[in-house]
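Chemist: Dropping in coords_2.csv, with CSV, C-alpha atoms.
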```
chain,number,residue,atom,x,y,z
A,601,MET,CA,-63.3,42.1,61.0
A,602,GLY,CA,-60.2,42.5,58.8
A,603,ILE,CA,-59.5,38.8,58.0
A,604,LYS,CA,-62.0,37.1,55.8
A,605,THR,CA,-60.2,33.8,55.3
A,606,ASN,CA,-59.4,30.7,57.3
A,607,TYR,CA,-57.0,28.0,56.1
A,608,HIS,CA,-57.1,25.9,59.3
A,609,THR,CA,-60.6,24.4,59.9
A,610,HIS,CA,-61.3,21.1,61.7
A,611,HIS,CA,-64.2,18.6,61.5
A,612,GLU,CA,-66.1,16.6,64.0
A,613,LEU,CA,-64.4,13.4,62.8
A,614,CYS,CA,-61.2,14.3,64.6
A,615,LYS,CA,-62.9,13.5,67.9
A,616,HIS,CA,-62.1,16.8,69.6
A,617,ALA,CA,-64.0,19.3,67.4
A,618,ASP,CA,-67.7,20.0,66.7
A,619,GLY,CA,-69.4,20.6,63.3
A,620,ASP,CA,-69.4,19.0,59.9
A,621,ALA,CA,-68.5,20.8,56.6
A,622,GLU,CA,-72.0,22.3,56.1
A,623,ALA,CA,-71.9,23.9,59.6
A,624,TYR,CA,-68.6,25.6,59.0
A,625,ILE,CA,-69.4,26.7,55.5
A,626,GLN,CA,-72.7,28.2,56.6
A,627,LYS,CA,-71.0,30.1,59.4
A,628,ALA,CA,-68.3,31.3,57.1
A,629,ILE,CA,-70.8,32.7,54.6
A,630,GLU,CA,-72.7,34.3,57.5
A,631,LEU,CA,-69.5,36.1,58.6
A,632,GLY,CA,-68.8,37.3,55.0
A,633,PHE,CA,-65.7,35.1,54.5
A,634,ASP,CA,-64.5,34.8,50.9
A,635,PHE,CA,-62.3,31.7,51.5
A,636,LEU,CA,-62.5,28.6,53.7
A,637,GLY,CA,-60.0,25.7,53.8
A,638,PHE,CA,-60.7,22.5,55.7
A,639,THR,CA,-57.7,20.8,57.4
A,640,ASP,CA,-58.7,18.1,59.8
A,641,HIS,CA,-56.1,15.8,61.3
A,642,VAL,CA,-55.0,13.0,59.1
A,643,PRO,CA,-55.4,9.4,60.4
A,644,SER,CA,-52.2,7.9,61.8
A,645,ARG,CA,-51.0,4.7,63.3
A,646,VAL,CA,-47.9,6.4,64.8
A,647,PHE,CA,-49.3,9.5,66.5
A,648,ASN,CA,-52.0,9.9,69.1
A,649,ASP,CA,-55.2,8.4,67.5
A,650,ARG,CA,-57.5,9.9,70.2
A,651,ALA,CA,-57.2,13.4,68.6
A,652,ARG,CA,-57.5,12.6,64.9
A,653,MET,CA,-59.9,10.8,62.5
A,654,ASP,CA,-59.8,7.1,62.1
A,655,GLU,CA,-58.5,5.5,58.9
A,656,GLU,CA,-62.0,4.3,58.0
A,657,ASP,CA,-63.4,7.9,58.4
A,658,PHE,CA,-61.1,9.5,55.9
A,659,ALA,CA,-63.4,8.6,52.9
A,660,THR,CA,-66.3,10.1,54.9
A,661,TYR,CA,-64.3,13.3,55.4
A,662,LEU,CA,-63.6,13.7,51.7
A,663,LYS,CA,-67.2,12.8,50.8
A,664,ASP,CA,-68.6,15.4,53.2
A,665,LEU,CA,-66.3,18.1,51.8
A,666,GLU,CA,-67.1,17.2,48.1
A,667,HIS,CA,-70.8,17.1,48.7
A,668,ASN,CA,-70.9,20.5,50.5
A,669,PHE,CA,-68.4,22.1,48.1
A,670,GLN,CA,-70.9,21.4,45.3
A,671,ARG,CA,-73.8,22.7,47.4
A,672,PHE,CA,-72.2,26.0,48.2
A,673,LYS,CA,-70.3,26.5,44.9
A,674,GLY,CA,-70.4,30.1,43.9
A,675,HIS,CA,-71.1,31.4,47.4
A,676,ILE,CA,-67.6,31.0,48.8
A,677,LYS,CA,-64.2,29.6,47.7
A,678,LEU,CA,-63.6,26.2,49.3
A,679,LEU,CA,-60.6,24.0,49.4
A,680,SER,CA,-59.8,20.6,50.9
A,681,GLY,CA,-56.8,20.1,53.1
A,682,LEU,CA,-55.3,18.1,56.0
A,683,GLU,CA,-53.3,18.9,59.1
A,684,ALA,CA,-50.5,16.4,59.1
A,685,GLU,CA,-47.6,15.4,61.4
A,686,TYR,CA,-44.2,14.7,59.9
A,687,ASN,CA,-42.5,11.4,60.8
A,688,PRO,CA,-38.8,11.3,59.9
A,689,LYS,CA,-39.1,7.5,59.7
A,690,ASP,CA,-41.6,7.8,56.9
A,691,PRO,CA,-40.7,11.0,55.0
A,692,GLY,CA,-42.8,10.1,52.0
A,693,GLU,CA,-46.1,10.1,53.9
A,694,PRO,CA,-47.0,13.8,53.3
A,695,GLU,CA,-46.7,13.4,49.6
A,696,ARG,CA,-49.2,10.5,49.7
A,697,TRP,CA,-51.7,12.7,51.7
A,698,LEU,CA,-51.2,15.6,49.3
A,699,ARG,CA,-52.5,13.5,46.4
A,700,GLU,CA,-55.9,13.3,48.2
A,701,VAL,CA,-56.5,17.0,48.9
A,702,ASP,CA,-55.7,20.5,47.7
A,703,TYR,CA,-53.1,21.4,50.3
A,704,LEU,CA,-51.4,20.4,53.6
A,705,ILE,CA,-50.6,22.3,56.7
A,706,LEU,CA,-47.9,21.0,59.1
A,707,GLY,CA,-49.2,20.5,62.6
A,708,GLN,CA,-46.1,19.1,64.4
A,709,HIS,CA,-47.1,18.0,67.9
A,710,TYR,CA,-44.3,15.4,68.3
A,711,THR,CA,-40.7,14.8,67.4
A,712,SER,CA,-39.7,11.2,66.8
A,713,ARG,CA,-36.1,11.8,67.7
A,714,TYR,CA,-36.6,12.6,71.3
A,715,PRO,CA,-38.3,9.4,72.5
A,716,THR,CA,-40.5,9.1,75.6
A,717,LYS,CA,-42.3,6.0,76.8
A,718,SER,CA,-44.6,6.3,73.8
A,719,GLY,CA,-41.8,6.6,71.4
A,720,GLU,CA,-42.5,10.3,70.7
A,721,HIS,CA,-42.0,13.6,72.4
A,722,TYR,CA,-45.0,15.8,72.9
A,723,THR,CA,-44.6,19.5,72.0
A,724,PHE,CA,-45.8,20.8,75.4
A,725,ASP,CA,-43.2,18.6,77.1
A,726,LEU,CA,-40.2,20.4,75.6
A,727,ARG,CA,-38.4,22.0,78.5
A,728,LYS,CA,-34.8,21.5,77.6
A,729,GLY,CA,-32.9,23.7,75.2
A,730,LYS,CA,-31.6,20.8,73.1
A,731,SER,CA,-35.1,19.4,72.8
A,732,LEU,CA,-36.2,22.6,71.1
A,733,ILE,CA,-33.4,22.3,68.6
A,734,THR,CA,-34.4,18.7,67.9
A,735,TYR,CA,-38.0,19.8,67.4
A,736,ALA,CA,-36.9,22.6,65.0
A,737,HIS,CA,-34.9,20.2,62.9
A,738,THR,CA,-37.9,17.9,62.6
A,739,VAL,CA,-40.0,20.9,61.4
A,740,ARG,CA,-37.3,21.9,59.0
A,741,GLU,CA,-37.2,18.4,57.5
A,742,ALA,CA,-40.9,18.6,57.1
A,743,ILE,CA,-40.8,21.9,55.3
A,744,GLN,CA,-38.0,20.6,53.0
A,745,THR,CA,-40.4,18.0,51.6
A,746,ASN,CA,-42.2,20.8,49.8
A,747,CYS,CA,-45.5,19.2,50.6
A,748,PHE,CA,-46.7,21.8,53.2
A,749,SER,CA,-48.1,25.2,52.4
A,750,ILE,CA,-48.4,26.5,56.0
A,751,VAL,CA,-46.7,25.6,59.3
A,752,ALA,CA,-49.5,25.6,61.9
A,753,HIS,CA,-48.7,27.2,65.3
A,754,PRO,CA,-45.0,27.3,64.4
A,755,ASP,CA,-44.1,28.6,67.8
A,756,ILE,CA,-46.0,26.0,69.8
A,757,PHE,CA,-42.7,24.4,70.9
A,758,LEU,CA,-42.3,27.4,73.3
A,759,GLY,CA,-45.5,26.5,75.2
A,760,SER,CA,-43.8,25.0,78.2
A,761,TYR,CA,-40.3,26.4,77.8
A,762,PRO,CA,-39.2,28.7,80.6
A,763,SER,CA,-37.9,31.7,78.6
A,764,PHE,CA,-37.0,32.9,75.1
A,765,ASP,CA,-33.3,32.2,75.5
A,766,ARG,CA,-30.6,31.4,73.0
A,767,TYR,CA,-32.0,27.9,72.4
A,768,ALA,CA,-35.5,29.3,71.8
A,769,ALA,CA,-34.0,31.9,69.4
A,770,ASN,CA,-31.9,29.3,67.6
A,771,ALA,CA,-34.9,26.9,67.2
A,772,SER,CA,-37.0,29.8,65.9
A,773,GLU,CA,-34.4,30.8,63.4
A,774,ILE,CA,-34.1,27.2,62.1
A,775,ILE,CA,-37.9,27.0,61.5
A,776,ILE,CA,-38.2,30.6,60.1
A,777,ASP,CA,-35.2,30.2,57.7
A,778,ALA,CA,-36.6,27.0,56.3
A,779,ALA,CA,-40.0,28.6,55.8
A,780,VAL,CA,-38.6,31.5,54.0
A,781,GLU,CA,-36.3,29.4,51.8
A,782,HIS,CA,-39.2,27.1,50.7
A,783,ASN,CA,-41.9,29.8,50.6
A,784,VAL,CA,-44.0,28.3,53.3
A,785,ALA,CA,-46.3,30.5,55.4
A,786,LEU,CA,-46.1,30.7,59.2
A,787,GLU,CA,-49.4,30.6,61.1
A,788,PHE,CA,-50.4,33.2,63.7
A,789,ASN,CA,-52.7,30.8,65.6
A,790,ALA,CA,-55.7,32.1,67.5
A,791,ASN,CA,-56.2,28.7,69.3
A,792,GLY,CA,-53.2,29.5,71.5
A,793,ILE,CA,-55.1,32.6,72.7
A,794,ARG,CA,-58.1,30.4,73.6
A,795,ARG,CA,-55.8,28.4,75.8
A,796,GLY,CA,-55.2,31.5,78.0
A,797,LYS,CA,-52.1,33.1,79.3
A,798,ARG,CA,-49.4,31.5,81.4
A,799,LYS,CA,-46.5,32.9,83.4
A,800,SER,CA,-42.8,32.2,82.5
A,801,GLN,CA,-39.5,33.9,83.2
A,802,ASP,CA,-40.5,36.3,80.4
A,803,GLY,CA,-43.7,37.4,82.2
A,804,LEU,CA,-47.3,36.7,81.5
A,805,HIS,CA,-48.1,35.8,77.9
A,806,TYR,CA,-50.0,33.3,75.8
A,807,ALA,CA,-48.3,29.9,75.2
A,808,TYR,CA,-48.6,31.0,71.6
A,809,PRO,CA,-48.5,33.2,69.6
A,810,ARG,CA,-45.2,34.5,71.0
A,811,GLU,CA,-44.0,38.0,70.1
A,812,PRO,CA,-40.2,37.3,69.8
A,813,PHE,CA,-40.9,34.5,67.3
A,814,PHE,CA,-43.1,36.6,65.0
A,815,ARG,CA,-40.9,39.7,65.2
A,816,MET,CA,-38.0,37.5,64.1
A,817,ALA,CA,-40.2,36.0,61.3
A,818,GLN,CA,-41.2,39.4,60.0
A,819,ALA,CA,-37.6,40.7,60.1
A,820,LYS,CA,-36.5,37.7,58.0
A,821,GLY,CA,-39.3,38.2,55.4
A,822,ALA,CA,-41.5,35.2,56.3
A,823,SER,CA,-45.1,35.1,55.1
A,824,ILE,CA,-47.4,35.2,58.1
A,825,VAL,CA,-51.0,34.1,57.9
A,826,LEU,CA,-53.7,34.5,60.6
A,827,ASN,CA,-55.8,31.4,61.2
A,828,SER,CA,-58.5,30.5,63.7
A,829,ASP,CA,-57.6,26.8,64.1
A,830,ALA,CA,-61.3,26.5,64.4
A,831,HIS,CA,-62.7,23.4,66.3
A,832,ASP,CA,-66.2,24.8,66.3
A,833,PRO,CA,-68.0,26.9,63.7
A,834,ASP,CA,-68.4,29.7,66.2
A,835,GLN,CA,-64.6,29.9,66.5
A,836,LEU,CA,-64.2,31.0,62.9
A,837,TYR,CA,-64.3,34.6,64.1
A,838,ASP,CA,-64.6,34.8,67.9
A,839,ASP,CA,-63.0,36.8,70.7
A,840,ALA,CA,-59.7,34.9,70.3
A,841,MET,CA,-59.6,36.0,66.7
A,842,ARG,CA,-60.3,39.6,67.7
A,843,LYS,CA,-57.5,39.5,70.2
A,844,ALA,CA,-55.2,37.9,67.6
A,845,GLU,CA,-55.9,40.8,65.3
A,846,GLN,CA,-55.1,43.3,68.1
A,847,LEU,CA,-51.8,41.5,68.8
A,848,ILE,CA,-50.9,41.7,65.1
A,849,GLU,CA,-51.5,45.4,65.2
A,850,ASP,CA,-49.6,45.9,68.4
A,851,TRP,CA,-46.6,44.0,67.1
A,852,ASN,CA,-46.8,45.7,63.7
A,853,LEU,CA,-46.9,42.5,61.8
A,854,LYS,CA,-47.8,42.2,58.1
A,855,ILE,CA,-50.3,39.5,57.3
A,856,THR,CA,-50.5,37.6,54.1
A,857,GLN,CA,-54.2,37.1,53.4
A,858,TYR,CA,-53.8,34.6,50.6
A,859,PRO,CA,-50.6,32.6,51.0
A,860,GLU,CA,-49.3,30.5,48.1
A,861,LEU,CA,-50.7,26.9,48.3
A,862,LYS,CA,-48.5,24.1,47.0
```
Transcribe the structure of this file into structure tokens.

Modeler:
Amino acid sequence: MGIKTNYHTHHELCKHADGDAEAYIQKAIELGFDFLGFTDHVPSRVFNDRARMDEEDFATYLKDLEHNFQRFKGHIKLLSGLEAEYNPKDPGEPERWLREVDYLILGQHYTSRYPTKSGEHYTFDLRKGKSLITYAHTVREAIQTNCFSIVAHPDIFLGSYPSFDRYAANASEIIIDAAVEHNVALEFNANGIRRGKRKSQDGLHYAYPREPFFRMAQAKGASIVLNSDAHDPDQLYDDAMRKAEQLIEDWNLKITQYPELK
């Protein structure tokens, strides 16, 4: 195991993960990790509330982290964080969340500028070139707030798109250039590997991570960090993480083990 850190760790309060802070910390220590950062989904009245903690659970989340951070102090470095969406209609929201925790990661699953019946547009529904560009501009705006330290699964917008064409390349460039300019790390996300491979016009590949995106990111000098996106303590270092490490080696990517946190 080469990577001994994880900056993207969930909590059972988000309704689609298992394990509290103690369970993840104990597993990380067992694995020999020297750093663990918690980043559960922030509560939201705008975005899907079936996959994130409720507003009334936020205090419970912080209390659980604080209690266990004190218990395991000296055994492993621990930081509190959140995975947050960016809503262009409320650009100041990330700054408010950042006051509560050590750092934020951007997990953009929607774009508010390409409305569907729900008023949002889900990442895995992006099948038109112009919608990729719209999504990329939303991510760029989020990065420009200077509130986020890491862009989670930055290539997730390619999940249902048919090929890495000029629109995909342009959207990738917009996101990568913003990340480089604002010194924000781009995440090589192992959870995309857990989702399995799919076939597109480019052949058989994981929905994410995508090779063309990360080769472009490296060529442009972006900081790349490997994260599990763990939704269960056993996912901190599992087969998906081993496959992720192999892809990183195969694609000759350089990983930043300790990205700068804002």

Chemist: Set out as a tab-separated table a contact list for stretch 724-807 of chain A and stretch 683-707 of chain A with a cut-off of 8 Å, giving each residue of stretch 724-807 of chain A that qualifies its closest atom pair and distance in Å to one decimal, counting all atoms listed in the file, ordered by chain and rising residue number.

Modeler:
```
residue	atom	partner	partner_atom	distance
A:Thr738	CA	A:Pro688	CA	7.2
A:Val739	CA	A:Tyr686	CA	7.6
A:Glu741	CA	A:Pro688	CA	7.7
A:Ala742	CA	A:Tyr686	CA	5.8
A:Thr745	CA	A:Pro691	CA	7.8
A:Cys747	CA	A:Glu695	CA	6.0
A:Phe748	CA	A:Leu704	CA	4.9
A:Ser749	CA	A:Ile705	CA	5.8
A:Ile750	CA	A:Ile705	CA	4.8
A:Val751	CA	A:Leu706	CA	4.8
A:Ala752	CA	A:Gly707	CA	5.2
A:His753	CA	A:Gly707	CA	7.2
```

Chemist: So how far away is atom CA of A:Ala807 from atom CA of A:Ala628, in Å?

Modeler: 27.0 Å

Chemist: Give me the residues near stretch 639-643 of chain A as a list in words, where near means some atom within 6 Å (using all atoms listed in the file) and where sequence neighbours in that chain fewer than 4 positions away do not count.

Modeler: His608, Thr609, His610, His611, Arg652, Met653, Asp654, Glu655, Gly681, Leu682, Glu683 and Ala684 of chain A

Chemist: Could you work out how far atom CA of A:Pro812 lies from atom CA of A:Asp850, giving the answer in Å with one decimal?

Modeler: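 For atom CA of A:Asp850 relative to atom CA of A:Pro812, the distance reads 12.8 Å.
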
Chemist: Show me, as a ChimeraX atom specification, the residues that have an atom within 12 Å of A:Arg766 when counting all atoms listed in the file, minus same-chain residues fewer than 2 positions from it.

Modeler: /A:728-730,732-733,761-764,768-773,812

Chemist: Within 12 Å of A:Lys604, counting only C-alpha atoms, which residues qualify if same-chain residues fewer than 4 places away don't, as a PyMOL selection string?

Modeler: chain A and resi 627-637+676-677+825-828+836-837+841+845+856-858

Chemist: So how many Å separate atom CA of A:Asp618 and atom CA of A:Pro833, to one decimal?

Modeler: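 Going from atom CA of A:Asp618 over to atom CA of A:Pro833, I get 7.5 Å.
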
Chemist: Of the residues A:Gln818, A:Glu787, A:Ile743, A:Ile603, which is the one nearest to A:Asp838, using all atoms listed in the file?

Modeler: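 Among the listed residues, the smallest separation from A:Asp838 belongs to A:Ile603.
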
Chemist: Pick the closest to A:Phe638 from A:Glu860, A:Asp839, A:Asp802, A:Glu622: which is it, counting only C-alpha atoms?

Modeler: A:Glu622

Chemist: Tell me which of A:Ile848, A:Asp620, A:Gln708, A:Arg842 sits closest to A:Thr660, counting all atoms listed in the file.

Modeler: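 Once distances to A:Thr660 are computed over all atoms listed in the file, the minimum belongs to A:Asp620.
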
Chemist: For A:Leu861, which residue out of A:Ala785, A:Ala736, A:Pro809, A:Gln626 is the nearest one, using all atoms listed in the file?

Modeler: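 Using all atoms listed in the file, the shortest distance to A:Leu861 belongs to A:Ala785.
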
Chemist: For A:Asn606, which residue among A:Phe669, A:Tyr808, A:Tyr735, A:Phe788 is the nearest when counting only C-alpha atoms?

Modeler: A:Phe788

Chemist: Counting only C-alpha atoms, figure out which residue out of A:Ala623, A:Leu613, A:Leu804, A:Leu786 gets nearest to A:Leu662.

Modeler: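 The shortest atom-to-atom distance to A:Leu662 comes from A:Leu613.
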